[in-house]
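Notes to accompany the following structure.
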Amino acid sequence: MLQEENKGLFCAVRLLDVPYHLDRTYEYYIPPELEESAVEGAFVSVPFGKGNRKVSGVITEIKKESEYDEVKPVDGVSAAGEVVDREAAMMCRFLCDYTLCTYGEAVRAVVPASAISDLGEYYKALENESKMKKLTDKELVFYSHIKIRGTVSSSSLRNHFGDEAALVAAGLVKLGLLEKEVRLKDSTNFRYITYVSLEEGVDVDSAVRKTRSPTQAEIVRLLTKTSRMTTEELYMRIGKNVSPQLTALEKKGLVRLEKKESYRNPYLDSCINQQKDESPLSEEQRRAYLEIESLYEKEGPAAVLLHGITGSGKTRVIKEMIDRVTGDGKGVIMLVPEISLTPQTVGYFCAQYGERVAVIHSSLSQGERFDAWKRIRRGEADVVIGTRSAIFAPVKNLGMIVIDEEQEHTYKSDTDPKYLAHDVARFRSGKNNSLMLLSSATPSLNSYYKAVTGSYTLVEMKERYGNARLPEVVISDMRFEPDSGNVSPVGTVLTDSLRRVYSEQMQSIVFLNRRGYNSAVSCRVCGEAITCPHCSVSLTYHTRMPLGEAQDAAEYFRIRESRGLLACHYCGYKTRVPQLCPGCGAEHFKFVGCGTQKAEEELQKAVPGARILRMDMDTTGTKNAHNEILDKFRRGEADILLGTQMVTKGHDFPAVTLVGVMNADSSLYLDDYRAAEKTFSMLTQVIGRAGRGDDPGVAVVQTVNPDSEVIRLAAAQDYKTFYEKEIRLRKALVFPPFCDIAVLTLSGTDEALLSASALKLSQRAKELLEGDYKEVKAVMFGPFEAPVYKVQNTCRMRLVIKCRLNRMTRQLISRLLWEFGKSVKNVTLTADLNPSSL
């Protein structure tokens, strides 16, 4: 149906699930019955395309007139009202313009999934006896299931009948036995608590006589002793489900049931009985705080880089600034790079601000994230702590955004929208006239360059807090270990140090940036590594039983082949170790490399009796695993904490006097211009975990390249010298911050089509650079295969462009995305602007 007369209300709608070349504003007519509920920021269902298929979208503007003669009407409006408020809409438009994503991708980043009203499919049974006779037994059961229940959602059918439900439903729709309806599905992810109390004026003795069961009488007696109880409390006291009895008592007018919304907050316990940090600021901390405070007090937005050595007490300065900002009635967002840091950070700040703290990160359930978002939006939480996605928290009257360990690559999203948290923070700070505070012991070169050149204000802290001193660093040369008879990945120097610390009843942290047992398994005859059938990477060997338990060599090989698994860290594929080489049929394999599983065994051998906790992706898969491991170590229930990057930053364990780094140069030779920067940062951070209490610390760095300047500067904690050398190299080679990099990635399952499409894209980019966009200064490389060419059976090719990402350059890339999406099928093109790695 089209609205042919230009009367009534109209709305501008951005659709949620359309490709880039169709992503624009569409206009719809608002029927009179929907005018009251149709508001800006509300989700709607609308007809789209020639077939008028229903799609969901967001109202971005209400209009009294339309520039079009004929427009389609809105089908339905979400009962939730305005969800994408004015600031959220601004962030969505910013993401679209800055990262070249679709509006729908931006909305799904800014708004939690449980708050989005998506479309749902619903089925209703139709009467047709003649056609019912032709149904199979399976179809008849399916049809009867729907008929008995009236209307059933597709998700309910899938849960009941499995993945084939969609095919069966489609067949019955085609036969005319089912009617399919697509409509908006509002969130039902709410949690409620029911409170029970006696009605006013109820005589207890009379009420007990009116009850027909001992359980009802017991409920009445319990309620006389307290003003009200929850149904859960009644269940715990009585020991069984009391819902039927409560319903009966309510009908008799004896009790009142009151249903209230309840928040799911897994960190509520962290807000109770925590000790506040009342420690005084040191002289250096006070100076840093006053510098930052002076910028906060100025009108307009400001950006500060707080550069302090490890252990200098940057968190204490940040806490003082949060006190200042919240004291003015403003809100704060604090970002941390890793989920593993969240419990420690939350525990600290919950002690200061109690239930005013809300936490957002990807390990929370959808309901927990939804409840945190609601608390923030309603103004019940003014301090938000979380990982990257917390940057979109709907904080009222935003006064400050803190990005802790700001150099970390995890602040850059690798899925659409491919945003950097720093860019969103700058945007929100500008719109709210607030302070952006970056903090790190090893700032990214880009941020430090902005501080040196005046875009940011640099505030430095050069001393450790209290009596703590920087640890002594020993660089252990592993090249000659085999000559002395040691073939273990744990070197002699590290072994001796671990034993000394263990005998002193102190703690150690050992860092190895590779999980699994062996990094690869290859054939001893042909030399080929066993690779994933779905990805172009070698499989990593994981063991489910410590190989160190083997009594002899024969048992060792038997355990390795029968108990271990080869796993792909990209797609999750797993298989047993084959009996024969898939390539040449040979029997014997070589297991090479060392991961955290093998390191755990070797550490157990090196320090007999030591209690070891391993912290990597394999041991932190469950919800609260990070917190449990760190709490155990903090309570002294382990002597050695072994882990990947999760253990390198942000942690403060006063009893840790030794840090060991295994294979320190593994990241130094990556095919990435940031390899030196990442290695320096990683080593500096992990070395800084030692000696943070009163006892002096030592760090042992194992390497086969002891003369590496990067390793020596990290050992000396000399950030400035490293920066000066690296920035000169970046400038000479024209790498960021002296240019921007855009990576255009093509993905598809047909390799021939993918190659042809990549060439076509390259040629078109050259044409535009020589024509309409000749003012854009750019150097293009490729097309060539991505570093990991195939992932989950999808092949990938790339174009890399060095440029300056101004408005004209973004228009060029946007045009390439638009033209490619419109003209090429079965190949996907995405853009990543300034990716975290090449």
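Identifiers in this document derive from the order of the structure tokens: chains are assigned A, B, ..., residues are numbered from 1 separately in each chain, and ligands are numbered from 1 in order of occurrence.
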List the neighbours of Ala113 (chain A) out to 12 Å using only C-alpha atoms; skip same-chain residues closer than 5 positions along the sequence, and give me the result as JSON, numbers by chain. {"A": [83, 104, 105, 107, 108, 118, 186, 187, 188, 189, 362, 365, 366, 367, 368, 369, 370, 371, 373]}
Can you pull out the residues contacting Val39 (chain A)? Cut-off 9 Å, using only C-alpha atoms, and skip same-chain residues under 5 positions away; I want them as a CSV table (one decimal) with N, CA, C and O atoms, in the first residue's frame.
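Below is the file that was written, result_27.csv:
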```csv
chain,number,residue,atom,x,y,z
A,11,CYS,N,8.4,9.6,8.3
A,11,CYS,CA,9.7,9.5,9.1
A,11,CYS,C,10.8,9.0,8.2
A,11,CYS,O,10.6,8.3,7.2
A,59,ILE,N,14.0,4.9,13.4
A,59,ILE,CA,13.6,6.2,13.0
A,59,ILE,C,14.6,7.3,13.4
A,59,ILE,O,15.0,7.4,14.5
A,60,THR,N,15.1,8.0,12.4
A,60,THR,CA,16.1,9.0,12.6
A,60,THR,C,15.5,10.4,12.6
A,60,THR,O,16.1,11.4,13.1
A,61,GLU,N,14.3,10.6,12.1
A,61,GLU,CA,13.7,11.9,12.0
A,61,GLU,C,12.2,11.8,11.7
A,61,GLU,O,11.7,10.9,11.0
A,62,ILE,N,11.4,12.6,12.4
A,62,ILE,CA,9.9,12.7,12.2
A,62,ILE,C,9.7,13.9,11.3
A,62,ILE,O,10.2,15.0,11.6
A,77,VAL,N,5.7,-0.4,15.1
A,77,VAL,CA,6.7,0.4,15.9
A,77,VAL,C,6.9,-0.4,17.2
A,77,VAL,O,6.0,-0.9,17.9
A,81,GLY,N,9.9,2.3,22.6
A,81,GLY,CA,10.0,3.8,22.4
A,81,GLY,C,11.4,4.1,22.0
A,81,GLY,O,12.1,3.4,21.3
A,82,GLU,N,11.9,5.3,22.4
A,82,GLU,CA,13.2,5.7,22.0
A,82,GLU,C,14.3,4.9,22.7
A,82,GLU,O,14.5,4.8,23.9
```
Nearest to Val521 (chain A): which of A:Arg191, A:Lys590, A:Lys462, A:Arg378 is it, counting only C-alpha atoms? A:Lys590
Env of Glu463 (chain A): 8 Å cut, atoms = only C-alpha atoms, seq-sep filter 3 positions within chain, self excluded. Answer as a count of residues only. 4
Between CA of Val84 (chain A) and CA of Leu364 (chain A), what is the spacing in Å?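 If I compute the distance from CA of Leu364 (chain A) to CA of Val84 (chain A), I get 21.7 Å.
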So that I can check the surroundings of Ser156 (chain A), please list as a ChimeraX atom specification every protein, DNA and RNA residue that reaches within 12 Å of it, counting only C-alpha atoms and ignoring chain neighbours fewer than 3 positions away. /A:120-123,142,145-146,149,151-153,159-163,165-166
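Compared by their closest atoms to Lys251 (chain A), and using only C-alpha atoms, the residues A:Lys632, A:Arg86, A:His422, A:Lys210 rank with A:Lys210 nearest.
Every protein or nucleic acid residue with an atom no more than 9 Å from Gln579 (chain A), counting only C-alpha atoms and leaving out same-chain residues fewer than 4 positions away, appears here: Glu561, Gly585, Ala586, Glu587 and His588 of chain A.
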Between A:Glu299, A:Phe591, A:Ala610, A:Gly643, which has the minimum distance to Arg499 (chain A) (counting only C-alpha atoms)?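 Answer, going by the shortest atom-to-atom distance: A:Ala610.
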Could you give me, as a short mmCIF file (atom, residue, chain, number, x, y, z; two decimals) with all heavy atoms, in the first residue's frame, the residues within 6 Å of Leu641 (chain A), counting only C-alpha atoms and dropping anything in the same chain fewer than 2 positions from it?
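Here's the written file out.cif:
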```cif
data_model
loop_
_atom_site.label_atom_id
_atom_site.label_comp_id
_atom_site.auth_asym_id
_atom_site.auth_seq_id
_atom_site.Cartn_x
_atom_site.Cartn_y
_atom_site.Cartn_z
N ILE A 509 55.96 -14.86 38.36
CA ILE A 509 55.13 -14.85 37.16
C ILE A 509 56.01 -15.24 35.98
O ILE A 509 57.12 -14.70 35.82
CB ILE A 509 54.51 -13.46 36.90
CG1 ILE A 509 53.46 -13.14 37.98
CG2 ILE A 509 53.85 -13.40 35.53
CD1 ILE A 509 52.86 -11.74 37.85
N ILE A 612 51.47 -24.41 40.59
CA ILE A 612 51.48 -23.61 39.36
C ILE A 612 50.05 -23.38 38.87
O ILE A 612 49.26 -24.31 38.79
CB ILE A 612 52.30 -24.31 38.26
CG1 ILE A 612 53.74 -24.51 38.73
CG2 ILE A 612 52.27 -23.50 36.97
CD1 ILE A 612 54.59 -25.35 37.79
N LEU A 613 49.73 -22.13 38.56
CA LEU A 613 48.46 -21.78 37.92
C LEU A 613 48.75 -21.36 36.49
O LEU A 613 49.66 -20.55 36.25
CB LEU A 613 47.79 -20.62 38.66
CG LEU A 613 47.08 -20.94 39.98
CD1 LEU A 613 46.62 -19.65 40.64
CD2 LEU A 613 45.90 -21.87 39.76
#
```
Based on DSSP run over this structure's backbone, return all residues of region 531-768 of chain A in strand (DSSP E), as a count of residues only. 43
Considering only C-alpha atoms, return as a ChimeraX atom specification whatever protein or nucleic-acid residues lie within 6 Å of Pro73 (chain A), sequence-local ones (same chain, fewer than 6 positions apart) excluded. /A:28-30
Go through A:His409, A:Lys766, A:Lys240, A:His542 and flag the residue nearest Thr387 (chain A), using only C-alpha atoms for the distances. A:His409
Run DSSP on the backbone and grab whatever in region 449-649 of chain A lands in alpha helix (DSSP H); send it over as a ChimeraX atom specification. /A:449-452,492-503,553-563,596-606,625-634
